[in-house]
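Notes follow the structure.
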Amino acid sequence: MAAPDVSGEVELTTALALEEKSKLKKSLRRVDMLLFTICAMVGVDTLGQVSSFGAQTFFWIAILSVFFLLPYAFVMSELGSTFAQEGGPYEWMKLAYGRLTASFGAVLYWITNPLWVGGTLCFLASAAFSQYFIHLGGPKISFLGHTPIFDLLFKVAFIWISIIVAIAALDRGKWIPNFGALCRAFVLLFFSFTVLIYAFKHGINGFGFSDFIPGATSVSGTVIFLGVVPLLLFNYVGFELASAAAEEMVDPQKDVPKSVIRSAIATVILYSLPIFGILVVLPTNKIKGISGFVGAVNAVFGDVYGGAAHMLVKFMVGAFIVSLITSGAVWMIGSDRVLAVASYDGAWAPWFGVFNRKLGTPVRVNTMSGVLSTVFLLFALNLLSGSNASSFQVILALTTSTTLLSYVMIFPTGWLLRLKHGHVHRPYKAPMMALCVTLCTAWMVIGAWVAFVPGTLERALGFSYDYQDVWGVSFARYEAISAGIVVLIAVLTAIGYAMAAPVRAQTAEVALDPSAGLAAGAPAGD
């Protein structure tokens, strides 16, 4: 059957995609998108790690705010308002590179998040809960690194609460990430206010002007620039996440640019203020893990609030845990949709492209993410206490860095779609798109290089770098794990793409111009 005649710019989609799009419900308004993006971008899990690099952190926050965050916001404002199809980043990559390459990008973008929830967030949450609320003890499970049973149950519950939030219908489920955004904003601003009172009473840790200027200083064998920048990049991504649910937005053409710009301002404020508070309260050598943020809370609240401090610290730790849950949930909501859209579009396993008709959410992908998170958690518990603990830390660092690789593919689509689909109406047009894309992509290449080939840039700059000392493994073992992860993702992509061949055989055309809406195309053969 011939494809229907659709005037203007069009793209090929599948019959399955048209069927699944009919289940989507419009519920995201501008304020929802703003809070959704703040919840995604203002993470609390790395505050301590970023702060551990000292006062120079602020120099790089300022640099990245101007030369990464701002152009990033411009690029995503144009893409999100112009190509407002469900699955955002996948659709942009598909239009720029084709389905196969976009499939690889979608898997890269998705896979980080279940591993992040099962390998980092639930560990931080359980440590905080056990230290400040109820000790998570009980009989120990020998084959899981002698993990106490209640600690395991807490971690598993943490994972599946995040998944349940992602599964919930977006018109109701959105209130949980919204609450998470408001919760972290209140907590981080309240903490910053308390630090200000503390500083008036006791002064602050001494920083000279030279402490804020980048120098040839290394921390644990890592040049500060190469240590802190990838962490900041990891925390400064998420503007495009709401566009994964673009066809569930009420008015993406108007709301995407405004919500992106406002969330960029909020991110810089909410991320830099608590880091400054941590640095002025705690000596740099005592900042690590949850003790970064929570330790600073303990240090100042007892002095400022006296007898009320105990209750307030518990409140702050509780909010810290809620923030971790909602961080995981909001990234599951977005990244799971990206993979589901790739699946119903014929780029990955089609069984995972089905949206629940009642909920309007990709329950199958959500469930797969929960299962993968749980399996990765059990894998972590089994390895962390044994001789393979160092190898696991490498695996965790690399898998959570696949996000940076996915952005190396996503950012160039801003310029490529200007070239390929320049006549599509753009409600918002990014200034100096080529420069914005170049800056954003360059930062991500640096971040991904540092993650996957660490030490090479340090040595090129004349610093010594001992893999065994930093990672606990040799260079050869690190790179073998690195290559293995990329190959595994490529194999997953190839298998899923092959399974989707029957779906690709049934295609239809839809309009790209968002002002015209999505055209209802009839199925057509290739």
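Labeling convention for the structure tokens: chains A, B, ... as they appear, residues from 1 per chain, ligands from 1 in order of appearance.
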
Could you give me the residues within range 50-205 of chain A that DSSP places in strand (DSSP E), as a compact mmCIF listing (two decimals) with all heavy atoms, in the first residue's frame?
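Saved the output as out-v9.txt:
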```txt
# COMPACT_ATOMS: atom_id res chain seq x y z
N LYS A 140 22.62 -12.34 58.47
CA LYS A 140 23.42 -11.97 57.30
C LYS A 140 23.36 -13.07 56.24
O LYS A 140 23.37 -14.26 56.55
CB LYS A 140 24.87 -11.70 57.71
CG LYS A 140 24.99 -10.48 58.62
CD LYS A 140 26.44 -10.17 58.94
CE LYS A 140 26.54 -8.91 59.80
NZ LYS A 140 27.93 -8.56 60.13
N ILE A 141 23.32 -12.63 54.98
CA ILE A 141 23.23 -13.56 53.85
C ILE A 141 24.65 -13.76 53.31
O ILE A 141 25.25 -12.83 52.73
CB ILE A 141 22.31 -12.99 52.76
CG1 ILE A 141 20.94 -12.66 53.37
CG2 ILE A 141 22.15 -13.98 51.61
CD1 ILE A 141 20.03 -11.92 52.41
N THR A 147 25.49 -9.57 53.70
CA THR A 147 24.59 -8.41 53.83
C THR A 147 23.47 -8.73 54.81
O THR A 147 22.81 -9.77 54.68
CB THR A 147 23.99 -8.06 52.47
OG1 THR A 147 25.03 -7.79 51.54
CG2 THR A 147 23.06 -6.84 52.58
N PRO A 148 23.19 -7.86 55.79
CA PRO A 148 22.06 -8.08 56.70
C PRO A 148 20.74 -8.09 55.92
O PRO A 148 20.55 -7.31 54.98
CB PRO A 148 22.13 -6.88 57.65
CG PRO A 148 23.54 -6.42 57.58
CD PRO A 148 23.98 -6.67 56.17
```

- Message: Please list as a PyMOL selection string every residue within 6 Å of Gly80 in chain A, counting only C-alpha atoms and excluding residues in the same chain fewer than 4 positions away.
- Response: chain A and resi 76+84+243

- Task: Could you give me, as an MDAnalysis selection string, each residue of range 27-241 of chain A that DSSP assigns to alpha helix (DSSP H) when run on this structure's backbone?
- Result: chainID A and resid 30:41 47:51 56:64 70:82 88:97 99:116 122:132 149:167 170:173 175:202 224:235

- Task: Within 9 Å of Gly414 in chain A, counting only C-alpha atoms, which residues show up once you throw out same-chain ones fewer than 3 positions away? Write them as a PyMOL selection string, please.
- Result: chain A and resi 75-76+78-79+92+96+410-411+417-418+433-434+436-437

Produce a file of the selected residues containing all heavy atoms, as a compact mmCIF listing (two decimals), in the first residue's frame.
```txt
# COMPACT_ATOMS: atom_id res chain seq x y z
N VAL A 75 20.17 24.43 22.91
CA VAL A 75 20.00 23.32 21.97
C VAL A 75 18.73 22.54 22.29
O VAL A 75 17.91 22.24 21.41
CB VAL A 75 21.22 22.39 22.00
CG1 VAL A 75 20.97 21.14 21.14
CG2 VAL A 75 22.46 23.12 21.49
N MET A 76 18.53 22.21 23.56
CA MET A 76 17.37 21.39 23.94
C MET A 76 16.07 22.17 23.85
O MET A 76 15.01 21.59 23.60
CB MET A 76 17.57 20.83 25.34
CG MET A 76 18.71 19.83 25.44
SD MET A 76 18.55 18.51 24.19
CE MET A 76 20.25 18.02 23.99
N GLU A 78 15.37 24.29 21.45
CA GLU A 78 14.97 24.19 20.04
C GLU A 78 14.50 22.78 19.69
O GLU A 78 13.43 22.60 19.09
CB GLU A 78 16.12 24.59 19.13
CG GLU A 78 15.75 24.43 17.65
CD GLU A 78 16.80 24.98 16.69
OE1 GLU A 78 17.39 26.03 16.98
OE2 GLU A 78 17.00 24.36 15.63
N LEU A 79 15.28 21.79 20.05
CA LEU A 79 14.90 20.41 19.70
C LEU A 79 13.58 20.01 20.35
O LEU A 79 12.70 19.42 19.71
CB LEU A 79 16.01 19.45 20.13
CG LEU A 79 17.30 19.47 19.31
CD1 LEU A 79 18.36 18.61 19.97
CD2 LEU A 79 17.04 18.99 17.89
N TRP A 92 15.13 12.40 17.76
CA TRP A 92 16.13 13.31 17.18
C TRP A 92 17.27 12.52 16.54
O TRP A 92 17.72 12.85 15.44
CB TRP A 92 16.66 14.27 18.24
CG TRP A 92 15.59 14.97 19.03
CD1 TRP A 92 14.31 15.25 18.61
CD2 TRP A 92 15.69 15.45 20.37
NE1 TRP A 92 13.61 15.88 19.61
CE2 TRP A 92 14.42 16.02 20.70
CE3 TRP A 92 16.69 15.48 21.32
CZ2 TRP A 92 14.16 16.59 21.95
CZ3 TRP A 92 16.45 16.05 22.57
CH2 TRP A 92 15.19 16.60 22.86
N ALA A 96 18.33 12.20 12.54
CA ALA A 96 19.69 12.62 12.16
C ALA A 96 20.52 11.48 11.59
O ALA A 96 21.27 11.67 10.62
CB ALA A 96 20.40 13.21 13.37
N ILE A 410 23.66 12.63 20.98
CA ILE A 410 22.45 13.46 21.02
C ILE A 410 22.73 14.90 20.61
O ILE A 410 22.00 15.50 19.81
CB ILE A 410 21.81 13.41 22.43
CG1 ILE A 410 21.25 12.01 22.71
CG2 ILE A 410 20.70 14.45 22.55
CD1 ILE A 410 20.82 11.81 24.14
N PHE A 411 23.80 15.51 21.14
CA PHE A 411 24.03 16.93 20.90
C PHE A 411 24.17 17.30 19.41
O PHE A 411 23.59 18.30 18.97
CB PHE A 411 25.24 17.42 21.68
CG PHE A 411 24.96 17.66 23.14
CD1 PHE A 411 25.74 17.07 24.12
CD2 PHE A 411 23.92 18.48 23.54
CE1 PHE A 411 25.48 17.28 25.47
CE2 PHE A 411 23.65 18.70 24.87
CZ PHE A 411 24.43 18.10 25.84
N LEU A 417 19.83 18.44 12.35
CA LEU A 417 18.42 18.62 12.00
C LEU A 417 18.16 20.01 11.42
O LEU A 417 17.18 20.19 10.70
CB LEU A 417 17.53 18.35 13.22
CG LEU A 417 17.54 16.90 13.72
CD1 LEU A 417 16.54 16.68 14.84
CD2 LEU A 417 17.27 15.93 12.59
N ARG A 418 19.03 20.97 11.73
CA ARG A 418 18.95 22.26 11.03
C ARG A 418 19.23 22.03 9.53
O ARG A 418 18.62 22.65 8.67
CB ARG A 418 19.97 23.23 11.59
CG ARG A 418 19.59 23.90 12.90
CD ARG A 418 18.88 25.23 12.67
NE ARG A 418 18.67 25.94 13.92
CZ ARG A 418 19.42 26.96 14.34
NH1 ARG A 418 20.44 27.37 13.60
NH2 ARG A 418 19.15 27.56 15.47
N MET A 433 23.72 27.95 16.80
CA MET A 433 23.53 26.51 17.02
C MET A 433 24.82 25.72 16.82
O MET A 433 25.15 24.83 17.62
CB MET A 433 22.44 25.98 16.09
CG MET A 433 22.26 24.46 16.14
SD MET A 433 21.73 23.84 17.77
CE MET A 433 19.95 24.00 17.62
N ALA A 434 25.59 26.03 15.77
CA ALA A 434 26.82 25.27 15.52
C ALA A 434 27.80 25.39 16.68
O ALA A 434 28.41 24.40 17.10
CB ALA A 434 27.48 25.75 14.22
N CYS A 436 27.01 26.18 19.85
CA CYS A 436 26.42 25.51 21.01
C CYS A 436 26.64 24.00 20.95
O CYS A 436 27.03 23.37 21.94
CB CYS A 436 24.93 25.83 21.09
SG CYS A 436 24.53 27.52 21.55
N VAL A 437 26.39 23.43 19.78
CA VAL A 437 26.56 21.98 19.59
C VAL A 437 28.02 21.60 19.77
O VAL A 437 28.34 20.58 20.42
CB VAL A 437 26.04 21.56 18.21
CG1 VAL A 437 26.53 20.16 17.85
CG2 VAL A 437 24.52 21.60 18.18
```

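For the pair CA of Asp251 in chain A and CA of Gly334 in chain A, the interatomic distance is 17.7 Å.
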
- Selection near range 358-366 of chain A, 10 Å with only C-alpha atoms, sequence-local residues under 3 positions removed, as a ChimeraX atom specification: /A:20-26,110,114,160,162-173,245,248,332-333,335-341,343,351-355,369-372

Restrict the selected residues to C-alpha atoms and save them as a compact mmCIF listing (two decimals), in the first residue's frame.
```txt
# COMPACT_ATOMS: atom_id res chain seq x y z
CA GLU A 20 0.72 3.02 20.98
CA LYS A 21 0.59 6.81 20.59
CA SER A 22 -3.20 6.60 20.88
CA LYS A 23 -2.74 5.53 24.53
CA LEU A 24 -0.83 8.68 25.55
CA LYS A 25 -2.53 11.25 27.76
CA LYS A 26 -1.67 14.95 27.80
CA TRP A 110 18.45 4.02 29.08
CA PRO A 114 18.58 1.07 36.31
CA TRP A 160 10.73 -0.89 43.38
CA SER A 162 11.14 4.14 42.13
CA ILE A 163 9.70 1.73 39.57
CA ILE A 164 6.14 2.05 40.91
CA VAL A 165 6.39 5.83 40.57
CA ALA A 166 7.53 5.37 36.95
CA ILE A 167 4.68 2.95 36.24
CA ALA A 168 1.97 5.24 37.65
CA ALA A 169 -0.12 7.21 35.16
CA LEU A 170 1.72 10.46 34.51
CA ASP A 171 -1.24 12.68 35.42
CA ARG A 172 -0.99 11.26 38.97
CA GLY A 173 2.57 9.97 39.15
CA ALA A 245 7.14 12.44 27.19
CA GLU A 248 2.10 13.94 26.94
CA MET A 332 13.21 5.99 34.93
CA ILE A 333 10.12 7.86 33.72
CA SER A 335 14.68 7.00 29.89
CA ASP A 336 12.19 4.11 29.92
CA ARG A 337 10.00 6.07 27.50
CA VAL A 338 12.98 6.64 25.20
CA LEU A 339 13.60 2.87 24.99
CA ALA A 340 9.87 2.11 24.65
CA VAL A 341 9.55 4.54 21.74
CA SER A 343 10.85 -0.38 20.51
CA TRP A 351 7.51 -6.41 22.94
CA PHE A 352 8.87 -3.57 25.06
CA GLY A 353 7.18 -0.93 22.90
CA VAL A 354 3.73 -1.50 24.36
CA PHE A 355 2.20 1.18 26.59
CA SER A 369 14.36 -1.67 34.50
CA GLY A 370 13.31 -2.79 37.98
CA VAL A 371 14.47 -6.35 37.34
CA LEU A 372 17.81 -5.13 35.97
```

- Which value, in Å to one decimal, gives the distance between CA of Thr120 in chain A and CA of Val486 in chain A? 20.2 Å

- Near-Ile161 in chain A list (9 Å; only C-alpha atoms; drop same-chain fewer than 5 positions) as a ChimeraX atom specification: /A:156,166,325,329

Requested write-out: all heavy atoms of the selected residues, as a PDB file, in the first residue's frame:
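Final output, out.pdb:
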```pdb
ATOM      1  N   VAL A 156      16.015  -3.261  48.098  1.00  0.00           N
ATOM      2  CA  VAL A 156      15.061  -3.763  47.103  1.00  0.00           C
ATOM      3  C   VAL A 156      13.801  -2.901  47.096  1.00  0.00           C
ATOM      4  O   VAL A 156      13.261  -2.558  46.033  1.00  0.00           O
ATOM      5  CB  VAL A 156      14.720  -5.242  47.373  1.00  0.00           C
ATOM      6  CG1 VAL A 156      13.578  -5.715  46.467  1.00  0.00           C
ATOM      7  CG2 VAL A 156      15.948  -6.124  47.164  1.00  0.00           C
ATOM      8  N   ALA A 166       7.404   5.297  38.410  1.00  0.00           N
ATOM      9  CA  ALA A 166       7.530   5.371  36.955  1.00  0.00           C
ATOM     10  C   ALA A 166       6.344   4.717  36.254  1.00  0.00           C
ATOM     11  O   ALA A 166       5.928   5.165  35.178  1.00  0.00           O
ATOM     12  CB  ALA A 166       8.836   4.714  36.512  1.00  0.00           C
ATOM     13  N   ILE A 325      15.152   8.840  45.974  1.00  0.00           N
ATOM     14  CA  ILE A 325      14.085   8.047  45.358  1.00  0.00           C
ATOM     15  C   ILE A 325      13.530   8.758  44.135  1.00  0.00           C
ATOM     16  O   ILE A 325      13.364   8.160  43.065  1.00  0.00           O
ATOM     17  CB  ILE A 325      12.954   7.759  46.371  1.00  0.00           C
ATOM     18  CG1 ILE A 325      13.437   6.813  47.468  1.00  0.00           C
ATOM     19  CG2 ILE A 325      11.730   7.158  45.664  1.00  0.00           C
ATOM     20  CD1 ILE A 325      12.427   6.595  48.584  1.00  0.00           C
ATOM     21  N   ALA A 329      13.392   7.794  40.177  1.00  0.00           N
ATOM     22  CA  ALA A 329      12.091   7.646  39.535  1.00  0.00           C
ATOM     23  C   ALA A 329      11.957   8.529  38.301  1.00  0.00           C
ATOM     24  O   ALA A 329      11.464   8.087  37.255  1.00  0.00           O
ATOM     25  CB  ALA A 329      10.978   7.966  40.537  1.00  0.00           C
TER      26      ALA A 329
END
```

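Reported to one decimal place, the separation of CA of Thr413 in chain A from CA of Pro230 in chain A is 21.6 Å.
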
- Distance query range 188-192 of chain A at most 7 Å, only C-alpha atoms, self and fewer than 4 positions along chain excluded, as a list in words: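 Counting only the stated atoms, we get Arg184, Leu196, Leu270, Leu273, Pro274, Gly277 and Val297 of chain A.
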
For the selection you just gave me, I'd like the residues written to a file as a PDB file, in the first residue's frame, keeping N, CA and C atoms.
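What follows is the written file again.pdb:
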```pdb
ATOM      1  N   ARG A 184      13.748  18.918  47.592  1.00  0.00           N
ATOM      2  CA  ARG A 184      15.193  19.167  47.555  1.00  0.00           C
ATOM      3  C   ARG A 184      15.486  20.661  47.507  1.00  0.00           C
ATOM      4  N   LEU A 196      24.804  30.020  56.494  1.00  0.00           N
ATOM      5  CA  LEU A 196      25.029  31.460  56.574  1.00  0.00           C
ATOM      6  C   LEU A 196      25.004  31.932  58.034  1.00  0.00           C
ATOM      7  N   LEU A 270      20.739  25.858  43.092  1.00  0.00           N
ATOM      8  CA  LEU A 270      20.509  24.780  44.053  1.00  0.00           C
ATOM      9  C   LEU A 270      21.703  23.837  44.166  1.00  0.00           C
ATOM     10  N   LEU A 273      25.070  26.383  45.904  1.00  0.00           N
ATOM     11  CA  LEU A 273      24.951  26.842  47.287  1.00  0.00           C
ATOM     12  C   LEU A 273      25.289  25.757  48.314  1.00  0.00           C
ATOM     13  N   PRO A 274      24.718  24.549  48.215  1.00  0.00           N
ATOM     14  CA  PRO A 274      25.082  23.528  49.214  1.00  0.00           C
ATOM     15  C   PRO A 274      26.533  23.076  49.120  1.00  0.00           C
ATOM     16  N   GLY A 277      28.360  25.490  51.047  1.00  0.00           N
ATOM     17  CA  GLY A 277      28.113  25.243  52.468  1.00  0.00           C
ATOM     18  C   GLY A 277      28.932  24.090  53.008  1.00  0.00           C
ATOM     19  N   VAL A 297      25.380  18.910  57.477  1.00  0.00           N
ATOM     20  CA  VAL A 297      24.124  19.191  58.211  1.00  0.00           C
ATOM     21  C   VAL A 297      24.330  18.971  59.697  1.00  0.00           C
TER      22      VAL A 297
END
```

- Would you please work out which residue, of A:Ile159, A:Val195, A:Gly238, A:Lys94, is nearest to Phe301 in chain A when using only C-alpha atoms?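 Ranking A:Ile159, A:Val195, A:Gly238, A:Lys94 by distance to Phe301 in chain A, first place goes to A:Val195.
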
- Item | Nearest to Val228 in chain A by atom-to-atom distance, counting only C-alpha atoms, from A:Gly447, A:Pro71, A:Gly180, A:Pro431 |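 The shortest atom-to-atom distance to Val228 in chain A comes from A:Gly447.
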
- Note on the structure: Using only C-alpha atoms, the residue out of A:Leu47, A:Met93, A:Cys440, A:Ile111 with shortest distance to Thr493 in chain A is A:Ile111

- Message: Using only C-alpha atoms, can you tell me which of A:Leu226, A:Leu439, A:Leu419, A:Val44 comes closest to Val66 in chain A?
- Response: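 Closest candidate: A:Leu439.
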
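Considering only C-alpha atoms, the residue among A:Val510, A:Val330, A:Leu488, A:Val445 positioned nearest to Phe83 in chain A is A:Val510.
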